[in-house]
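**Q** One structure, pasted below without further comment.
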Amino acid sequence: MSASFPSAPADWWRSAVVYQIYPRSFADSDGDGIGDLAGARARLDYLADLGVDAIWLTPFYPSPLVDGGYDVADYQDVDPRLGTLQDVDALVLAAHRRGIRVIVDIVPNHTSDQHPWFRAARAAPPGDPARRRYHFHDGSGPDGAEPPSDWRSHFGGSAWERLPDGQWYLHLFSREQPDLNWDDPDVRQYFQDTLRFWADRGIDGFRVDVAHALAKDMSEPLRSQPTLDAALPQDGTDPLYDRDEVHEVYRSWRRVFEEYDPPRMAVAETWAPTNDRTYLYARPTELGQVFDFSLLKSAWSRDSFLGVVRRALADHARHADAGGGLTWVLSSHDVPRHASRLALPPDVAPEDWVRTRGASPRIDLETGRRRARAATLMMLALPGSAYLYQGEELGLPEVPDLPLEALQDPIGRRSDHDLPGRDGCRVPLPWTSTGPTFGFSTGRSWLPQPPSFAPYAADVQTDDPASTLTLYRRAIALRKALQEPDTTVTWLSTDDPGVLHFRRSNGWECLVNFGTVPSELPDGQVLLSSEPLDGGKVPPESTAWFRRPGAE
Ligand code: BGC
């Protein structure tokens, strides 16, 4: 067993830089081509040099890997391909020794269809108590041959799957991910036990998958909901998402977190557009923190970035009781990497670009590189916590044109690649610029890496003062010194509509130039810039941090 992280403060997560590890694609220690926990442990010095406060591990539990591990067959064990429980203990211990906390993913909305509960449910006849932990339902239409309702799966098609015995079960994601019935007391108990299982092993916190979907209104007749969670009524009346009852689950989880010293943290994933109800998940009596994905959904434009940051700060101020509302994310395992995404014209949806396999429009990687670095520096200068996705510190672009036969994401596979899959941001990391898998594995990597990954490799960037890796290291170190609990952001007036410029209350200023000509830098000491300054000016598509004389 691993000890808890030794030092306070308990609310370290409020301004943390958290690094998301997608273990299968991070580093492979045993040559099977799949990244694993021992591989992650071997790279902890790299993460300590990067300066992150915590790592968040996406699911490493036993899983058929239909949805990259978000189809969990056993919540209290490790997939043998990724390691053992002892590997978790060793990773936690080694991370804590380096001052890095460890967050794990909890997937409470659905299990794998290989979970013992679902295997028993499937084997049991309709009406059997073994089915009560999931949502089984008779079909509609004269012989029950139609799905019970019009509910949609996020991965395309109906959210209902029919079994040979005629009953249907609900799955908001792939059919191999049946949704759990959170009205069932066994389900509630099992997840509380699971939280304790990992907290007892020294895990510092939890990222809660699809946190807004657990409670469902299954009263008859089932109500129509054909639009997923893109546009929800803001009063908790949707039958599937963001219902009031879900908060009772998180209040009970909070009681579990408080059994520990320091209390365990949690961050809720709700993919629906951020609104006032989003912050309810962050109440100190519930999960404490909630993701705001608005930046990750923004195109490169001064007005959209400004709009997102202003809205988030205002929401945060309005929900001051929900202290963990300020979170920023630019990339994750679910969306095209921001070094490519931000190079797209604002009217092109990243998913549409992926659907064309990166052919239309062709993007300019140099533009993407500049904008991604500028966006990152802006994000890291904001109050709150920032979540980084593995490889963004290398400036890795999306790989939109992986060979079709290599693609694994169920979104693409279920729709015959009509819907854009997420494989392109999950390609294993390049650690070295040479070698068949760029140092990721001694075997054959589970997703092929393109030859164009070579110049992004960590080993070529590590000592290069101009590299993206160096920029991230410097920015995170400076941020550590400058970040402060005061969340006040003062917008500085500028006549230039291409410039976004703000000051933190300790005098730390950040200026982002979205324009096409260099922007004047006010007097001050330049702390860092995403591109070399141009005659003392901030070049187009870049960001500078500075302090004016006299600032504390
Ligand atoms: C995760 C996805 C996953 C889905 C279903 C999401 O929010 O981030 O990767 O496919 O939940 O578990």
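Ordering of the structure tokens sets the chain letters (A, B, ...), residue numbers begin anew at 1 in every chain, and ligands are numbered from 1 in the order given.
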With a distance cut-off of 6 Å and only C-alpha atoms, select the neighbouring residues of Asp53 (chain A), excluding the residue or stretch itself and same-chain residues fewer than 5 positions from it, and output the selection as a list in words.

**A**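 Once the nearby chain positions are removed, what remains is Ala16, Val17, Val18 and Ile100 of chain A.
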
**Q** Quick one: pick out all strand (DSSP E) residues within region 308-538 of chain A from a backbone DSSP run and write them as a VMD selection string.

**A** chain A and resid 327 to 329 385 to 389 489 to 491 499 to 504 508 to 513 519 to 520 525 to 529 537 to 538

**Q** Taking only residues of chain A that have an atom at most 6 Å from an atom of ligand 1, what is each one's shortest atom pair and its distance in Å to one decimal, using only C-alpha atoms and all ligand atoms, in chain and number order, as a tab-separated table?

**A**
```
residue	atom	partner	partner_atom_place_in_ligand_line	distance
A:Asp67	CA	ligand 1	10 (O)	5.7
A:Tyr70	CA	ligand 1	12 (O)	4.5
A:Phe173	CA	ligand 1	5 (C)	6.0
A:Asp209	CA	ligand 1	7 (O)	5.2
A:Val210	CA	ligand 1	7 (O)	5.1
A:Asp334	CA	ligand 1	9 (O)	5.5
```

**Q** At what distance in Å, to one decimal, does CA of Asp423 (chain A) lie from CA of His154 (chain A)?

**A**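 Taking CA of His154 (chain A) as the start and CA of Asp423 (chain A) as the end point, the length is 16.1 Å.
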
**Q** Considering only C-alpha atoms, can you say which of A:Met379, A:Ala90, A:Ala544, A:Ile106 comes closest to Asp74 (chain A)?

**A**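 Closest to Asp74 (chain A), using only C-alpha atoms: A:Ile106.
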
**Q** Quick one: distance from CA of Leu482 (chain A) to CA of Glu520 (chain A) in Å, one decimal?

**A**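 Separation of CA of Leu482 (chain A) and CA of Glu520 (chain A): 23.2 Å.
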
**Q** From the list A:Ala215, A:Leu195, A:Leu365, A:Cys510, which residue is nearest Asp183 (chain A) when using only C-alpha atoms?

**A**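 Answer, going by the shortest atom-to-atom distance: A:Ala215.
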
**Q** I'd like the contact shell of Asp32 (chain A) - 10 Å cut-off, only C-alpha atoms, skipping same-chain residues fewer than 3 positions apart - returned as a list in words.

**A**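 The filter keeps Asp28, Ser29, Gly35, Asp36, Arg81, Leu82, Ser441, Thr442, Gly443, Arg444, Ser445 and Trp446 of chain A.
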
**Q** Store the residues of this selection in a file with N, CA, C and O atoms, as a tab-separated table (two decimals), in the first residue's frame.

**A**
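selection-v3.tsv written:
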```tsv
chain	number	residue	atom	x	y	z
A	28	ASP	N	5.54	2.14	-23.32
A	28	ASP	CA	5.38	0.69	-23.17
A	28	ASP	C	6.65	0.10	-22.55
A	28	ASP	O	7.74	0.32	-23.06
A	29	SER	N	6.49	-0.65	-21.44
A	29	SER	CA	7.69	-1.19	-20.79
A	29	SER	C	7.98	-2.63	-21.19
A	29	SER	O	9.08	-3.11	-20.95
A	35	GLY	N	1.09	0.72	-24.30
A	35	GLY	CA	1.67	1.42	-23.16
A	35	GLY	C	1.12	0.87	-21.85
A	35	GLY	O	0.02	0.32	-21.81
A	36	ASP	N	1.89	1.02	-20.77
A	36	ASP	CA	1.46	0.39	-19.52
A	36	ASP	C	1.91	1.23	-18.31
A	36	ASP	O	2.58	2.27	-18.46
A	81	ARG	N	-2.64	-6.38	-19.51
A	81	ARG	CA	-1.81	-5.77	-20.56
A	81	ARG	C	-1.18	-4.46	-20.09
A	81	ARG	O	-0.21	-3.98	-20.65
A	82	LEU	N	-1.78	-3.87	-19.05
A	82	LEU	CA	-1.25	-2.59	-18.56
A	82	LEU	C	-0.51	-2.72	-17.24
A	82	LEU	O	0.12	-1.77	-16.79
A	441	SER	N	7.97	1.75	-27.74
A	441	SER	CA	7.91	0.34	-27.40
A	441	SER	C	9.02	-0.38	-28.14
A	441	SER	O	9.47	0.08	-29.20
A	442	THR	N	9.43	-1.53	-27.60
A	442	THR	CA	10.38	-2.34	-28.38
A	442	THR	C	9.62	-3.23	-29.35
A	442	THR	O	10.20	-3.89	-30.20
A	443	GLY	N	8.29	-3.25	-29.21
A	443	GLY	CA	7.47	-4.05	-30.13
A	443	GLY	C	6.84	-3.17	-31.19
A	443	GLY	O	7.39	-2.13	-31.57
A	444	ARG	N	5.66	-3.58	-31.64
A	444	ARG	CA	4.98	-2.86	-32.70
A	444	ARG	C	3.85	-2.08	-32.05
A	444	ARG	O	3.00	-2.67	-31.37
A	445	SER	N	3.83	-0.77	-32.26
A	445	SER	CA	2.88	0.04	-31.51
A	445	SER	C	1.44	-0.21	-31.95
A	445	SER	O	1.18	-0.45	-33.13
A	446	TRP	N	0.51	-0.17	-31.00
A	446	TRP	CA	-0.89	-0.59	-31.28
A	446	TRP	C	-1.56	0.32	-32.31
A	446	TRP	O	-2.48	-0.10	-33.01
```

**Q** Give me, as a PDB file with all heavy atoms, in the first residue's frame, all polymer residues having an atom no more than 10 Å from Phe546 (chain A), counting only C-alpha atoms and skipping those fewer than 4 positions away in the same chain.

**A**
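Final file, around.pdb:
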```pdb
ATOM      1  N   ARG A 503      -4.372  41.362 -16.832  1.00  0.00           N
ATOM      2  CA  ARG A 503      -3.424  41.447 -15.723  1.00  0.00           C
ATOM      3  C   ARG A 503      -4.009  40.708 -14.536  1.00  0.00           C
ATOM      4  O   ARG A 503      -5.194  40.834 -14.229  1.00  0.00           O
ATOM      5  CB  ARG A 503      -3.173  42.903 -15.349  1.00  0.00           C
ATOM      6  CG  ARG A 503      -2.180  43.047 -14.192  1.00  0.00           C
ATOM      7  CD  ARG A 503      -1.764  44.493 -13.939  1.00  0.00           C
ATOM      8  NE  ARG A 503      -2.920  45.320 -13.642  1.00  0.00           N
ATOM      9  CZ  ARG A 503      -3.147  46.523 -14.164  1.00  0.00           C
ATOM     10  NH1 ARG A 503      -2.310  47.045 -15.044  1.00  0.00           N
ATOM     11  NH2 ARG A 503      -4.213  47.205 -13.832  1.00  0.00           N
ATOM     12  N   GLY A 507       0.184  41.659 -10.691  1.00  0.00           N
ATOM     13  CA  GLY A 507       0.928  42.399 -11.711  1.00  0.00           C
ATOM     14  C   GLY A 507       1.402  41.551 -12.884  1.00  0.00           C
ATOM     15  O   GLY A 507       2.016  42.057 -13.823  1.00  0.00           O
ATOM     16  N   TRP A 508       1.117  40.272 -12.857  1.00  0.00           N
ATOM     17  CA  TRP A 508       1.486  39.370 -13.971  1.00  0.00           C
ATOM     18  C   TRP A 508       0.560  39.674 -15.143  1.00  0.00           C
ATOM     19  O   TRP A 508      -0.651  39.635 -15.002  1.00  0.00           O
ATOM     20  CB  TRP A 508       1.313  37.947 -13.458  1.00  0.00           C
ATOM     21  CG  TRP A 508       1.517  36.819 -14.409  1.00  0.00           C
ATOM     22  CD1 TRP A 508       2.165  36.813 -15.600  1.00  0.00           C
ATOM     23  CD2 TRP A 508       1.070  35.472 -14.178  1.00  0.00           C
ATOM     24  NE1 TRP A 508       2.146  35.552 -16.142  1.00  0.00           N
ATOM     25  CE2 TRP A 508       1.489  34.698 -15.295  1.00  0.00           C
ATOM     26  CE3 TRP A 508       0.368  34.827 -13.148  1.00  0.00           C
ATOM     27  CZ2 TRP A 508       1.211  33.336 -15.396  1.00  0.00           C
ATOM     28  CZ3 TRP A 508       0.104  33.469 -13.252  1.00  0.00           C
ATOM     29  CH2 TRP A 508       0.521  32.740 -14.362  1.00  0.00           C
ATOM     30  N   GLU A 509       1.146  40.005 -16.284  1.00  0.00           N
ATOM     31  CA  GLU A 509       0.318  40.344 -17.445  1.00  0.00           C
ATOM     32  C   GLU A 509       0.535  39.353 -18.577  1.00  0.00           C
ATOM     33  O   GLU A 509       1.614  38.779 -18.731  1.00  0.00           O
ATOM     34  CB  GLU A 509       0.638  41.769 -17.936  1.00  0.00           C
ATOM     35  CG  GLU A 509       0.162  42.819 -16.963  1.00  0.00           C
ATOM     36  CD  GLU A 509       0.255  44.244 -17.517  1.00  0.00           C
ATOM     37  OE1 GLU A 509       0.243  44.429 -18.744  1.00  0.00           O
ATOM     38  OE2 GLU A 509       0.350  45.158 -16.677  1.00  0.00           O
ATOM     39  N   CYS A 510      -0.509  39.195 -19.351  1.00  0.00           N
ATOM     40  CA  CYS A 510      -0.462  38.268 -20.486  1.00  0.00           C
ATOM     41  C   CYS A 510      -1.096  38.964 -21.684  1.00  0.00           C
ATOM     42  O   CYS A 510      -2.211  39.477 -21.577  1.00  0.00           O
ATOM     43  CB  CYS A 510      -1.225  36.993 -20.118  1.00  0.00           C
ATOM     44  SG  CYS A 510      -1.401  35.842 -21.485  1.00  0.00           S
ATOM     45  N   LEU A 511      -0.369  38.982 -22.782  1.00  0.00           N
ATOM     46  CA  LEU A 511      -0.894  39.616 -23.994  1.00  0.00           C
ATOM     47  C   LEU A 511      -0.838  38.595 -25.134  1.00  0.00           C
ATOM     48  O   LEU A 511       0.223  38.028 -25.421  1.00  0.00           O
ATOM     49  CB  LEU A 511      -0.064  40.856 -24.333  1.00  0.00           C
ATOM     50  CG  LEU A 511      -0.573  41.735 -25.477  1.00  0.00           C
ATOM     51  CD1 LEU A 511      -0.136  43.184 -25.263  1.00  0.00           C
ATOM     52  CD2 LEU A 511      -0.085  41.258 -26.843  1.00  0.00           C
ATOM     53  N   LEU A 521       4.374  46.077 -27.118  1.00  0.00           N
ATOM     54  CA  LEU A 521       4.376  45.530 -25.759  1.00  0.00           C
ATOM     55  C   LEU A 521       4.485  46.707 -24.794  1.00  0.00           C
ATOM     56  O   LEU A 521       5.413  47.515 -24.927  1.00  0.00           O
ATOM     57  CB  LEU A 521       5.581  44.600 -25.608  1.00  0.00           C
ATOM     58  CG  LEU A 521       5.654  43.722 -24.387  1.00  0.00           C
ATOM     59  CD1 LEU A 521       4.521  42.713 -24.366  1.00  0.00           C
ATOM     60  CD2 LEU A 521       6.984  42.975 -24.392  1.00  0.00           C
ATOM     61  N   PRO A 522       3.582  46.812 -23.838  1.00  0.00           N
ATOM     62  CA  PRO A 522       3.732  47.913 -22.879  1.00  0.00           C
ATOM     63  C   PRO A 522       5.075  47.782 -22.144  1.00  0.00           C
ATOM     64  O   PRO A 522       5.645  46.695 -22.118  1.00  0.00           O
ATOM     65  CB  PRO A 522       2.564  47.704 -21.908  1.00  0.00           C
ATOM     66  CG  PRO A 522       1.635  46.777 -22.603  1.00  0.00           C
ATOM     67  CD  PRO A 522       2.431  45.969 -23.568  1.00  0.00           C
ATOM     68  N   ASP A 523       5.529  48.866 -21.536  1.00  0.00           N
ATOM     69  CA  ASP A 523       6.793  48.810 -20.787  1.00  0.00           C
ATOM     70  C   ASP A 523       6.732  47.694 -19.775  1.00  0.00           C
ATOM     71  O   ASP A 523       5.717  47.526 -19.110  1.00  0.00           O
ATOM     72  CB  ASP A 523       6.972  50.111 -19.985  1.00  0.00           C
ATOM     73  CG  ASP A 523       7.560  51.179 -20.870  1.00  0.00           C
ATOM     74  OD1 ASP A 523       7.985  50.827 -21.987  1.00  0.00           O
ATOM     75  OD2 ASP A 523       7.555  52.344 -20.439  1.00  0.00           O
ATOM     76  N   GLY A 524       7.809  47.001 -19.624  1.00  0.00           N
ATOM     77  CA  GLY A 524       7.791  45.981 -18.595  1.00  0.00           C
ATOM     78  C   GLY A 524       8.852  44.940 -18.856  1.00  0.00           C
ATOM     79  O   GLY A 524       9.480  44.912 -19.916  1.00  0.00           O
ATOM     80  N   GLN A 525       9.002  44.068 -17.877  1.00  0.00           N
ATOM     81  CA  GLN A 525       9.986  43.005 -17.997  1.00  0.00           C
ATOM     82  C   GLN A 525       9.308  41.807 -18.636  1.00  0.00           C
ATOM     83  O   GLN A 525       8.291  41.309 -18.120  1.00  0.00           O
ATOM     84  CB  GLN A 525      10.477  42.640 -16.582  1.00  0.00           C
ATOM     85  CG  GLN A 525      11.446  41.496 -16.540  1.00  0.00           C
ATOM     86  CD  GLN A 525      11.464  40.814 -15.170  1.00  0.00           C
ATOM     87  OE1 GLN A 525      10.766  41.235 -14.234  1.00  0.00           O
ATOM     88  NE2 GLN A 525      12.253  39.763 -15.062  1.00  0.00           N
ATOM     89  N   VAL A 526       9.840  41.379 -19.765  1.00  0.00           N
ATOM     90  CA  VAL A 526       9.252  40.213 -20.424  1.00  0.00           C
ATOM     91  C   VAL A 526       9.684  38.963 -19.669  1.00  0.00           C
ATOM     92  O   VAL A 526      10.866  38.757 -19.397  1.00  0.00           O
ATOM     93  CB  VAL A 526       9.694  40.144 -21.901  1.00  0.00           C
ATOM     94  CG1 VAL A 526       9.161  38.882 -22.549  1.00  0.00           C
ATOM     95  CG2 VAL A 526       9.208  41.373 -22.646  1.00  0.00           C
ATOM     96  N   LEU A 527       8.704  38.161 -19.289  1.00  0.00           N
ATOM     97  CA  LEU A 527       9.009  36.948 -18.533  1.00  0.00           C
ATOM     98  C   LEU A 527       9.152  35.752 -19.461  1.00  0.00           C
ATOM     99  O   LEU A 527       9.961  34.858 -19.230  1.00  0.00           O
ATOM    100  CB  LEU A 527       7.890  36.670 -17.517  1.00  0.00           C
ATOM    101  CG  LEU A 527       7.570  37.793 -16.538  1.00  0.00           C
ATOM    102  CD1 LEU A 527       6.305  37.491 -15.750  1.00  0.00           C
ATOM    103  CD2 LEU A 527       8.747  37.998 -15.586  1.00  0.00           C
ATOM    104  N   LEU A 528       8.330  35.721 -20.493  1.00  0.00           N
ATOM    105  CA  LEU A 528       8.312  34.568 -21.394  1.00  0.00           C
ATOM    106  C   LEU A 528       7.502  34.943 -22.618  1.00  0.00           C
ATOM    107  O   LEU A 528       6.540  35.723 -22.516  1.00  0.00           O
ATOM    108  CB  LEU A 528       7.627  33.387 -20.676  1.00  0.00           C
ATOM    109  CG  LEU A 528       7.652  32.022 -21.346  1.00  0.00           C
ATOM    110  CD1 LEU A 528       9.097  31.507 -21.457  1.00  0.00           C
ATOM    111  CD2 LEU A 528       6.848  31.009 -20.505  1.00  0.00           C
ATOM    112  N   SER A 529       7.866  34.384 -23.770  1.00  0.00           N
ATOM    113  CA  SER A 529       7.005  34.612 -24.933  1.00  0.00           C
ATOM    114  C   SER A 529       6.996  33.354 -25.788  1.00  0.00           C
ATOM    115  O   SER A 529       7.962  32.578 -25.789  1.00  0.00           O
ATOM    116  CB  SER A 529       7.475  35.823 -25.741  1.00  0.00           C
ATOM    117  OG  SER A 529       8.785  35.610 -26.206  1.00  0.00           O
TER     118      SER A 529
END
```

**Q** Which is closest to Asp113 (chain A) among A:Ser224, A:Ser340, A:Gln177, A:Gln234, if we use only C-alpha atoms?

**A**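 Going through A:Ser224, A:Ser340, A:Gln177, A:Gln234 one by one, the smallest distance to Asp113 (chain A) is for A:Gln177.
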
**Q** Excluding same-chain residues fewer than 6 positions from region 374-376 of chain A, what lies within 6 Å of it counting only C-alpha atoms, as a PyMOL selection string?

**A** chain A and resi 530+542-543

**Q** Output N, CA, C and O atoms of each residue in that selection to a file, as a short mmCIF file (atom, residue, chain, number, x, y, z; two decimals), in the first residue's frame.

**A**
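Result file result-v4.cif:
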```cif
data_model
loop_
_atom_site.label_atom_id
_atom_site.label_comp_id
_atom_site.auth_asym_id
_atom_site.auth_seq_id
_atom_site.Cartn_x
_atom_site.Cartn_y
_atom_site.Cartn_z
N SER A 530 5.88 33.16 -26.47
CA SER A 530 5.74 31.91 -27.23
C SER A 530 6.53 31.95 -28.53
O SER A 530 6.80 30.91 -29.11
N SER A 542 1.03 35.00 -31.31
CA SER A 542 1.90 34.61 -30.20
C SER A 542 1.49 35.36 -28.93
O SER A 542 0.68 36.28 -28.97
N THR A 543 2.05 34.88 -27.83
CA THR A 543 1.68 35.40 -26.50
C THR A 543 2.93 35.77 -25.74
O THR A 543 3.95 35.09 -25.84
#
```

**Q** Go through A:Ala120, A:Leu471, A:Leu342, A:Val246 one by one, measure the shortest atom-to-atom distance of each to Arg132 (chain A) using only C-alpha atoms, and give the residue with the smallest value.

**A**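 Smallest separation from Arg132 (chain A) among the options: A:Ala120.
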
**Q** Please provide the set of residues having any atom within 9 Å of Tyr169 (chain A), restricted to only C-alpha atoms, with same-chain residues fewer than 4 positions apart removed, written as a list in words.

**A**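 Neighbouring residues, sequence-local ones excluded: Tyr134, His135, Phe136, His137, Asp138, Ala159, Trp160, Glu161, Arg162, Leu163, Arg175, Pro178 and Asp179 of chain A.
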
**Q** Using only C-alpha atoms, which of A:Arg504, A:Lys537, A:Arg341, A:Arg370 sits nearest Ala299 (chain A)?

**A**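 The closest residue to Ala299 (chain A) is A:Arg341.
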
**Q** Skipping near chain neighbours, those fewer than 2 positions away, what residues fall within 12 Å of Trp117 (chain A) using only C-alpha atoms, listed as an MDAnalysis selection string?

**A** chainID A and resid 72:75 110:115 119:124 129:134 178:181 186:187 190

**Q** How many Å separate CA of Val52 (chain A) from CA of Gly439 (chain A)?

**A**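 That distance, rounded to one decimal, is 22.1 Å.
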